[in-house]
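A.B. asks: Below is one structure. I have some questions about it.
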Amino acid sequence: MIEIRSVTRSYGTFKALDDATLTIREGEFFSLLGPSGCGKTTLLRMIAGFDDPTSGAILVDGQPMDGIPANRRPTNMVFQSYAIFPHLNVEQNVAYGLKRLRALAQVSLVGLGKRGATELSGGQRQRVALARALVMRPKVLLLDEPLSALDKKLREQMQVELRRLQQAVGITFVLVTHDQYEALALSDRIAVMFGGRIAQVASPKEIYQRPANRQVADFLGGMNFMKGSVVEANGATITLDTPGFCRVRTDRPAGFSGNGHATLGIRPERLRVLWDDARASHEISGKVVERHYFGEITHLVVDVPGFEKPLSVTETNDFGADDLPIGAAIRLGYDPDALVAMAD
Amino acid sequence: MTAVAEASASPRSGRGHRRPLLQSERAQGLALISPTLLYALVLLVAPIAVVITYSFWSQDYLTVDRTFTLDQYRIALTEPIYRDLLLRSLWVSLLVSFFTVSLAYPIAYYISFHGGRHKSLWLFLITIPFWTSYLLRVMSWKVILGYNGVLNSGLMGLGIIDEPSTALLYNTSAVVITLTHAWAAFAILPIFVSLEKVDRTLVEAAKDLGDGPIRSFLRVTLPLSLPGVISAILIVMIPTVGDYVTPKLVGGKDGVMIATAIETQFKRGANWPLGAALSVITMIVVTLMAASIVLIIRQAGRRIR
Amino acid sequence: MKAILSKWLPAYAFLYIVFLYLPVIFLPIFSVNTSAVPKFPLTGFTWKWYVELTNTPALTTAAWNSLVVGITASILATILGICAARAITRYRFPGRTAASGLIMAPLVLPEIILAISLLIVMLSLGLELSLFTVVLGHVLICIPYSVTVLNAGFEGFDRSLEEASADLGESSFGTFRRVTLPMVAPAIISSLLVSFTISLDEFIMAFFLAGTDATLPVYIWGQLRFAAKLPGVLALGTLLLVGSFVLLTIAEALRRRAERRVQGKGVAIA
């Protein structure tokens, strides 16, 4: 549907986007995820036609977009500020591009048609912006951080609506966001970007569980990192020794040179506290040094002999993790499959 | 991120052939501003360049001698009459900008910090008198300060004085009073704008750290509003030096300023090169004075902190 | 300290307003006074000075001249102001600061020097002094005010509104007509009114560049020499005062409306 072929956008010597290559499939909910300044908005604006690549090509539906202005592209955009025309009412806003009004019903704005644009709430403005873009029947809907202006509760509600809407209309959505949970919850696939480069393109689950590198792993939530020494590397797998965990065999990470060291990571929720007589196939033991209460869960910081740094552990409060005293000796169970190897 | 996307200042070099010439942001911006810029160049820069050129020529009755000479500058700077007029003009403009700004600061402060919801109403109220004809405003001061004027007749009516005072009108003070009134709004607005920009939490922080109201004002509010004070001084001082109407109407013999001398050279005196030299000197001296005042205020501002 | 401040500042503000309005107030008062000399006590109420105004052909001509100059100058200044303000607020290009500095320069140059340098150029070019030369001068000094008013109107303008319009299929011209123009219309009208008011009251430029065609301020200047004409001038001044006040109130109302429009979204979210 959308092909990004080695697209670079430079401003003087600064490269906002550096040799990005990417294919977005038809009917897919695709997210561009990354911290501010990573080039995600630049890429979105180039797809929309508000900016042009310094080099490389963008194709939408097989058509090269080079030289085609924004008003003649088969894409439509929901702006971060929503860009609702303040001098027009809701109906005039929605009908701005076309004289068709059926989109109003699709995003539950019925009855708001004559309301002035300045009298709308944040959520309503977002809906008007969506309706106005969808009424154009675009092949691709581009969304530039459309939920960032909303408060937490409304944002979560709109995430659900957005996902439903995409499934209902069945067109390709490209979402720009810096919120990893939003990207994980909404997308079919995610491209994680740092410093103008695409670090990984994969499904949410794969991105979370098998991050391509340390940066991606870090950006998508907490992770315990440690150094592992390579014992054996052959074909698609490598075997590593860790200071505290067992010897693990895992997928060979992209860009791994072949010998020496690799970074190993494990998510805090993949370490479980073993209560009383509970047993696990793999165990380590240590002492609680910090405890942070978060309502339904507790974050523990556990000092385990052999590890350079204490480990972070996320535990549900069902068994009383919130009551563990500082200094308590505990055992932690883990699954070797939860350990991910990454190139340094 | 957004900032990066919007800072699309660089030209799309090497791709220009694919697009119309005006596609580049640079070219569009320049093309758009060029009519106005051209107007300013033709009707502002060019005429001033002509004045500067004239100031290096000389004139004998009606013939202009176009050989380069510094004679006009020598005359303008050594003849006591021109020197006195220039000094008086500078002195008056200095006084006027001092009074205008010191009177305007408290009111700008009041509107900005205590104006509440009525800020724009206050500003509107302050600007109204300034949209009446300048000529008429100056003239009303003549009506107030004159021999048979409002102030004299009022004071006599109250029995404070027995006969009308002649000390009120036709002197330098009358010029200063009139100009101070005439430029008030121009001083209030820039000061108000810079006070509005002062982050209120900074003032609170200063108080939190132990400063009383006066100290927090002197150490936080005042230094942060100095840019407004500086532009107020410049906006008032520079045009005041060359003011023509006020000295003519209320200045009398004592209050003549440099503008009258310039006008005379271009009209009755018919010595354009001398008039041009006087104009150039006025511009240079005003610029120097403005620059040194800016420097002094900045220095003072640094010392407070 | 705080108590003293909060007590004295309002009092000071009040006195300051009195100081600002005092001279202006005397114009209407003495314009309906029977005595030809403006002094207290007042002698009696009359409209005769106003009636006299209507029987002065020179005044009617001057008023007409001022109207023509004001309308022409305000339209030209606003058109040039739109170009400059749009370029300054919307585009980044080399020399932007220098260009806007130059355009704003008439604001900080002694007016007499501007007027005289223009006079020299006009005379050297052999241009006949007329209302046209006055218009040229007035446009020059109106542009900075026009640009200031328009900048304020254009600045709050969210650029993504124009992008949204393009995104929804509008051409550049269509976007300008359907989005940009309606959004900035109040600022444009406000600029027209402010420029017109400035031109109407401007004296120095007109005095040097008008030749034999007097504008209102030049006419008033001529009358000021004769003490007997003073009440008539006061009456005329009062009319001008009322006229300016009406125009500026409209300009201010429009400016506020434009501001509300631009800031409207903030209100809605809260």
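Letters A, B, ... mark the chains of the structure tokens in the order given; residue numbers begin at 1 per chain; ligand numbers begin at 1, in order shown.
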When you look at Ile103 of chain C with a cut-off of 8 Å (counting only C-alpha atoms), what residues show up, excluding the ones that are within fewer than 6 positions of it in the same chain? I need them as a PyMOL selection string.

C.D. replies: (chain B and resi 36-37+40) or (chain C and resi 143-144)

A.B. asks: Kindly export the residues of the current selection with C-alpha atoms, as a PDB file, in the first residue's frame.

C.D. replies:
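part26.pdb was written with the following content:
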ATOM      1  CA  THR B  36       6.650  45.972   0.609  1.00  0.00           C
ATOM      2  CA  LEU B  37      10.415  45.815   0.743  1.00  0.00           C
ATOM      3  CA  ALA B  40      10.513  50.836   1.645  1.00  0.00           C
TER       4      ALA B  40
ATOM      5  CA  ILE C 143       2.856  50.233   6.759  1.00  0.00           C
ATOM      6  CA  PRO C 144       4.545  49.651  10.164  1.00  0.00           C
TER       7      PRO C 144
END

A.B. asks: Which polymer residues have any atom within 8 Å of an atom of Leu86 of chain B, counting only C-alpha atoms, with same-chain residues fewer than 2 positions away left out, as a ChimeraX atom specification?

C.D. replies: /B:82-84,88-90,257-258,282

A.B. asks: Find the residues of chain A in contact range of chain B, meaning any atom within 12 Å when counting only C-alpha atoms, and list them as a ChimeraX atom specification.

C.D. replies: /A:9-17,34-46,50-56,66-69,79-81,144-145,176-178,194-196

A.B. asks: Which is closer to Val194 of chain C than all the others in C:Met104, C:Phe93, C:Cys142, C:Trp49, using only C-alpha atoms?

C.D. replies: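 When distances to Val194 of chain C are compared using only C-alpha atoms, the smallest one comes from C:Cys142.
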
A.B. asks: Considering only strand (DSSP E or B) as DSSP defines it on the backbone, what residues of segment 60-243 of chain A qualify? List them as a ChimeraX atom specification.

C.D. replies: /A:60,63-64,75-78,89,116,140-144,172-177,189-194,197-202,213,224-234,237-241

A.B. asks: Okay, now the selection with N, CA and C atoms, as a CSV table (one decimal), in the first residue's frame?

C.D. replies:
chain,number,residue,atom,x,y,z
A,60,VAL,N,2.4,5.4,-3.0
A,60,VAL,CA,1.2,5.0,-2.4
A,60,VAL,C,0.3,4.3,-3.4
A,63,GLN,N,1.7,4.1,-6.8
A,63,GLN,CA,1.9,5.4,-7.5
A,63,GLN,C,3.1,6.2,-6.9
A,64,PRO,N,4.1,6.6,-7.6
A,64,PRO,CA,5.1,7.5,-7.0
A,64,PRO,C,4.5,8.8,-6.6
A,75,THR,N,-4.3,10.3,0.4
A,75,THR,CA,-4.2,10.2,1.8
A,75,THR,C,-4.9,11.3,2.5
A,76,ASN,N,-5.4,11.1,3.7
A,76,ASN,CA,-5.9,12.2,4.5
A,76,ASN,C,-5.4,12.1,5.9
A,77,MET,N,-5.4,13.3,6.6
A,77,MET,CA,-4.6,13.4,7.8
A,77,MET,C,-5.5,13.9,9.0
A,78,VAL,N,-5.3,13.3,10.1
A,78,VAL,CA,-5.8,13.9,11.4
A,78,VAL,C,-4.6,14.6,12.1
A,89,ASN,N,-18.8,25.7,11.1
A,89,ASN,CA,-19.4,24.8,12.1
A,89,ASN,C,-19.0,23.3,11.8
A,116,GLY,N,-20.9,25.3,16.5
A,116,GLY,CA,-19.7,26.0,16.1
A,116,GLY,C,-18.4,25.2,16.5
A,140,VAL,N,-5.5,5.9,2.5
A,140,VAL,CA,-4.7,5.8,3.8
A,140,VAL,C,-5.1,7.0,4.7
A,141,LEU,N,-5.3,6.7,5.9
A,141,LEU,CA,-5.6,7.7,6.9
A,141,LEU,C,-4.3,7.9,7.8
A,142,LEU,N,-3.8,9.2,7.8
A,142,LEU,CA,-2.6,9.5,8.6
A,142,LEU,C,-3.0,10.1,9.9
A,143,LEU,N,-2.5,9.7,11.0
A,143,LEU,CA,-2.9,10.3,12.3
A,143,LEU,C,-1.6,10.7,13.0
A,144,ASP,N,-1.5,12.1,13.2
A,144,ASP,CA,-0.4,12.6,13.9
A,144,ASP,C,-0.6,12.8,15.4
A,172,THR,N,-6.2,1.6,5.4
A,172,THR,CA,-4.9,1.6,6.1
A,172,THR,C,-4.8,2.8,7.0
A,173,PHE,N,-4.4,2.6,8.2
A,173,PHE,CA,-4.2,3.7,9.2
A,173,PHE,C,-2.7,3.8,9.4
A,174,VAL,N,-2.1,5.0,9.4
A,174,VAL,CA,-0.7,5.1,9.8
A,174,VAL,C,-0.7,6.1,11.0
A,175,LEU,N,-0.3,5.7,12.2
A,175,LEU,CA,-0.4,6.5,13.4
A,175,LEU,C,1.0,6.8,13.8
A,176,VAL,N,1.2,8.1,14.1
A,176,VAL,CA,2.4,8.6,14.7
A,176,VAL,C,2.2,8.7,16.2
A,177,THR,N,3.0,8.1,17.1
A,177,THR,CA,2.9,8.3,18.5
A,177,THR,C,4.2,8.1,19.2
A,189,ARG,N,1.1,-3.6,13.1
A,189,ARG,CA,2.6,-3.6,13.1
A,189,ARG,C,3.1,-2.3,13.6
A,190,ILE,N,4.3,-2.3,14.1
A,190,ILE,CA,4.9,-1.0,14.6
A,190,ILE,C,6.3,-0.9,14.0
A,191,ALA,N,6.6,0.4,13.6
A,191,ALA,CA,8.0,0.7,13.3
A,191,ALA,C,8.6,1.5,14.4
A,192,VAL,N,9.6,1.1,15.1
A,192,VAL,CA,10.2,1.8,16.2
A,192,VAL,C,11.4,2.6,15.6
A,193,MET,N,11.4,4.0,15.9
A,193,MET,CA,12.4,4.8,15.2
A,193,MET,C,13.2,5.6,16.3
A,194,PHE,N,14.5,5.7,16.0
A,194,PHE,CA,15.4,6.5,16.8
A,194,PHE,C,16.3,7.3,16.0
A,197,ARG,N,16.4,7.0,12.2
A,197,ARG,CA,16.5,5.6,11.6
A,197,ARG,C,15.4,4.7,12.1
A,198,ILE,N,15.1,3.8,11.3
A,198,ILE,CA,14.1,2.8,11.7
A,198,ILE,C,14.8,1.6,12.4
A,199,ALA,N,14.5,1.4,13.7
A,199,ALA,CA,15.3,0.4,14.4
A,199,ALA,C,14.7,-1.0,14.3
A,200,GLN,N,13.4,-1.1,14.2
A,200,GLN,CA,12.7,-2.4,14.1
A,200,GLN,C,11.3,-2.3,13.5
A,201,VAL,N,10.9,-3.2,12.7
A,201,VAL,CA,9.5,-3.2,12.2
A,201,VAL,C,9.0,-4.6,12.5
A,202,ALA,N,7.9,-4.7,13.3
A,202,ALA,CA,7.4,-6.0,13.6
A,202,ALA,C,6.0,-5.8,14.3
A,213,ASN,N,17.1,-4.3,19.6
A,213,ASN,CA,18.3,-3.9,20.3
A,213,ASN,C,17.9,-3.3,21.7
A,224,ASN,N,15.5,-5.8,32.5
A,224,ASN,CA,16.8,-6.0,33.2
A,224,ASN,C,17.8,-6.4,32.2
A,225,PHE,N,18.9,-5.7,32.1
A,225,PHE,CA,20.0,-6.0,31.2
A,225,PHE,C,21.1,-6.6,31.9
A,226,MET,N,21.8,-7.5,31.2
A,226,MET,CA,23.1,-8.0,31.7
A,226,MET,C,23.9,-8.5,30.6
A,227,LYS,N,25.2,-8.7,30.9
A,227,LYS,CA,26.1,-9.1,29.8
A,227,LYS,C,26.2,-10.6,29.8
A,228,GLY,N,26.1,-11.2,28.6
A,228,GLY,CA,26.3,-12.7,28.6
A,228,GLY,C,27.5,-13.0,27.7
A,229,SER,N,28.3,-14.0,28.1
A,229,SER,CA,29.4,-14.4,27.2
A,229,SER,C,29.0,-15.5,26.3
A,230,VAL,N,29.4,-15.4,25.1
A,230,VAL,CA,29.0,-16.3,24.0
A,230,VAL,C,29.8,-17.6,24.2
A,231,VAL,N,29.1,-18.7,24.3
A,231,VAL,CA,29.7,-20.0,24.4
A,231,VAL,C,29.8,-20.6,23.0
A,232,GLU,N,28.7,-20.5,22.3
A,232,GLU,CA,28.6,-21.1,21.0
A,232,GLU,C,27.7,-20.3,20.1
A,233,ALA,N,28.1,-20.1,18.8
A,233,ALA,CA,27.2,-19.4,17.9
A,233,ALA,C,27.2,-20.2,16.6
A,234,ASN,N,26.0,-20.8,16.3
A,234,ASN,CA,25.9,-21.4,15.0
A,234,ASN,C,24.5,-21.2,14.4
A,237,THR,N,21.0,-19.7,16.0
A,237,THR,CA,20.9,-19.6,17.4
A,237,THR,C,22.3,-19.4,18.0
A,238,ILE,N,22.3,-18.8,19.2
A,238,ILE,CA,23.6,-18.7,20.0
A,238,ILE,C,23.3,-19.2,21.4
A,239,THR,N,24.4,-19.6,22.0
A,239,THR,CA,24.3,-20.1,23.4
A,239,THR,C,25.2,-19.2,24.2
A,240,LEU,N,24.6,-18.7,25.4
A,240,LEU,CA,25.3,-17.8,26.2
A,240,LEU,C,25.3,-18.2,27.6
A,241,ASP,N,26.4,-17.8,28.3
A,241,ASP,CA,26.5,-18.0,29.8
A,241,ASP,C,26.3,-16.7,30.4

A.B. asks: Would you list which chain A residues are within 6 Å of chain C using only C-alpha atoms, as a list in words?

C.D. replies: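 Matching residues, ligands excluded from the count: Ala70, Asn71, Asn76, Ala83, Gly97, Thr118, Glu119, Leu120, Ser121 and Gly122 of chain A.
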
A.B. asks: Of the candidates A:Ala328, A:Ile4, A:Leu162, A:Ala280, which shows the shortest atom-to-atom distance to Val301 of chain A, using only C-alpha atoms?

C.D. replies: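 Looking at the shortest contact to Val301 of chain A, the residue is A:Ala328.
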
A.B. asks: Ranking C:Ala115, C:Leu181, C:Leu80, C:Leu224 by minimum distance to chain B and counting only C-alpha atoms, which one comes first?

C.D. replies: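 With only C-alpha atoms as the atom set, the closest residue is C:Leu80.
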
A.B. asks: Between atom CA of Leu20 of chain C and atom CA of Ile126 of chain B, what is the distance, to one decimal in Å?

C.D. replies: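 Here the two named atoms are 7.4 Å from each other.
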
A.B. asks: Ranking B:Pro239, B:Gly228, B:Pro80, B:Gly275 by minimum distance to chain C and counting only C-alpha atoms, which one comes first?

C.D. replies: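 Counting only C-alpha atoms, the residue closest to chain C is B:Pro239.
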
A.B. asks: Tell me, as a PyMOL selection string, which residues lie within 9 Å of Gly149 of chain B, counting only C-alpha atoms; anything in the same chain fewer than 2 positions away does not count.

C.D. replies: (chain B and resi 142-147+151-154+164) or (chain C and resi 37-40)

A.B. asks: Please identify all polymer residues within 9 Å of Leu42 of chain C, counting only C-alpha atoms, omitting same-chain residues fewer than 4 positions from it, and present them as a list in words.

C.D. replies: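 Near Leu42 of chain C, the qualifying residues are Ile29, Phe30, Asn33, Thr34, Ser35 and Pro38 of chain C.
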
A.B. asks: Which residues, written as a short mmCIF file (atom, residue, chain, number, x, y, z; two decimals) with N, CA and C atoms, in the first residue's frame, have at least one atom at most 10 Å from Arg137 of chain A, with only C-alpha atoms counted and residues fewer than 6 positions away on the same chain left out?

C.D. replies:
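This went into part-v2.cif:
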data_model
loop_
_atom_site.label_atom_id
_atom_site.label_comp_id
_atom_site.auth_asym_id
_atom_site.auth_seq_id
_atom_site.Cartn_x
_atom_site.Cartn_y
_atom_site.Cartn_z
N PRO A 74 -3.94 10.40 -2.34
CA PRO A 74 -5.04 9.58 -1.81
C PRO A 74 -4.92 9.36 -0.31
N THR A 75 -4.32 10.32 0.39
CA THR A 75 -4.17 10.19 1.83
C THR A 75 -4.90 11.34 2.49
N ASN A 76 -5.36 11.14 3.71
CA ASN A 76 -5.91 12.24 4.50
C ASN A 76 -5.37 12.14 5.91
N LEU A 98 -15.65 17.56 0.71
CA LEU A 98 -16.69 16.98 -0.14
C LEU A 98 -18.04 17.43 0.38
N ALA A 103 -20.16 10.59 7.05
CA ALA A 103 -19.14 10.28 8.04
C ALA A 103 -19.54 10.71 9.44
N VAL A 169 -13.95 0.52 8.81
CA VAL A 169 -13.77 1.11 7.48
C VAL A 169 -12.77 0.33 6.65
N ILE A 171 -9.65 0.63 6.00
CA ILE A 171 -8.57 1.25 5.23
C ILE A 171 -7.28 1.28 6.06
#

A.B. asks: Tell me, as an MDAnalysis selection string, which residues lie within 9 Å of segment 297-301 of chain B, counting only C-alpha atoms; anything in the same chain fewer than 3 positions away does not count.

C.D. replies: chainID B and resid 222:224 226:227 229:230 292:294 304:305

A.B. asks: Print the selection's residues with N, CA and C atoms to a file, as a CSV table (one decimal), in the first residue's frame.

C.D. replies:
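again_25.csv, freshly written:
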chain,number,residue,atom,x,y,z
B,222,LEU,N,11.6,44.1,37.6
B,222,LEU,CA,12.2,45.2,36.9
B,222,LEU,C,13.2,44.7,35.8
B,223,PRO,N,14.2,43.9,36.2
B,223,PRO,CA,15.2,43.4,35.2
B,223,PRO,C,14.5,42.7,34.0
B,224,LEU,N,13.5,41.9,34.3
B,224,LEU,CA,12.9,41.2,33.2
B,224,LEU,C,12.1,42.1,32.3
B,226,LEU,N,13.0,45.1,31.5
B,226,LEU,CA,13.9,46.1,30.9
B,226,LEU,C,13.8,46.2,29.4
B,227,PRO,N,13.7,45.1,28.7
B,227,PRO,CA,13.6,45.2,27.2
B,227,PRO,C,12.4,46.2,26.8
B,229,VAL,N,11.2,48.6,28.7
B,229,VAL,CA,11.6,50.0,29.1
B,229,VAL,C,12.5,50.6,28.0
B,230,ILE,N,13.4,49.7,27.5
B,230,ILE,CA,14.4,50.2,26.5
B,230,ILE,C,13.6,50.6,25.2
B,292,SER,N,23.7,54.7,23.5
B,292,SER,CA,24.4,54.8,24.8
B,292,SER,C,23.4,54.6,25.9
B,293,ILE,N,22.1,55.1,25.7
B,293,ILE,CA,21.1,54.9,26.8
B,293,ILE,C,20.8,53.4,27.0
B,294,VAL,N,20.7,52.7,25.8
B,294,VAL,CA,20.5,51.2,25.9
B,294,VAL,C,21.6,50.6,26.7
B,304,ILE,N,21.8,45.4,39.3
B,304,ILE,CA,20.7,45.2,40.3
B,304,ILE,C,20.8,43.7,40.7
B,305,ARG,N,21.0,42.8,39.7
B,305,ARG,CA,21.0,41.4,40.1
B,305,ARG,C,22.2,41.1,40.9

A.B. asks: In Å, how far is it from atom CA of Leu158 of chain B to atom CA of Leu230 of chain C?

C.D. replies: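 So the two atoms, atom CA of Leu158 of chain B and atom CA of Leu230 of chain C, lie 25.5 Å apart.
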
A.B. asks: Write down as an MDAnalysis selection string the residues belonging to segment 139-269 of chain A that are assigned helix (DSSP H, G or I) by DSSP computed on the backbone.

C.D. replies: chainID A and resid 152:169 180:186 204:209 214:219 268:269

A.B. asks: Quick one: of B:Phe113, B:Val42, B:Ile107, B:Gln72, who's nearest to Phe56 of chain B, counting only C-alpha atoms?

C.D. replies: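 Looking only at the distances to Phe56 of chain B, the closest residue turns out to be B:Gln72.
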
A.B. asks: Need the shell around Leu62 of chain B: protein/DNA/RNA residues with any atom at most 10 Å away, counting only C-alpha atoms. Skip same-chain ones fewer than 3 positions apart. Format as an NGL selection string?

C.D. replies: :B and (59 or 65 or 270-272)
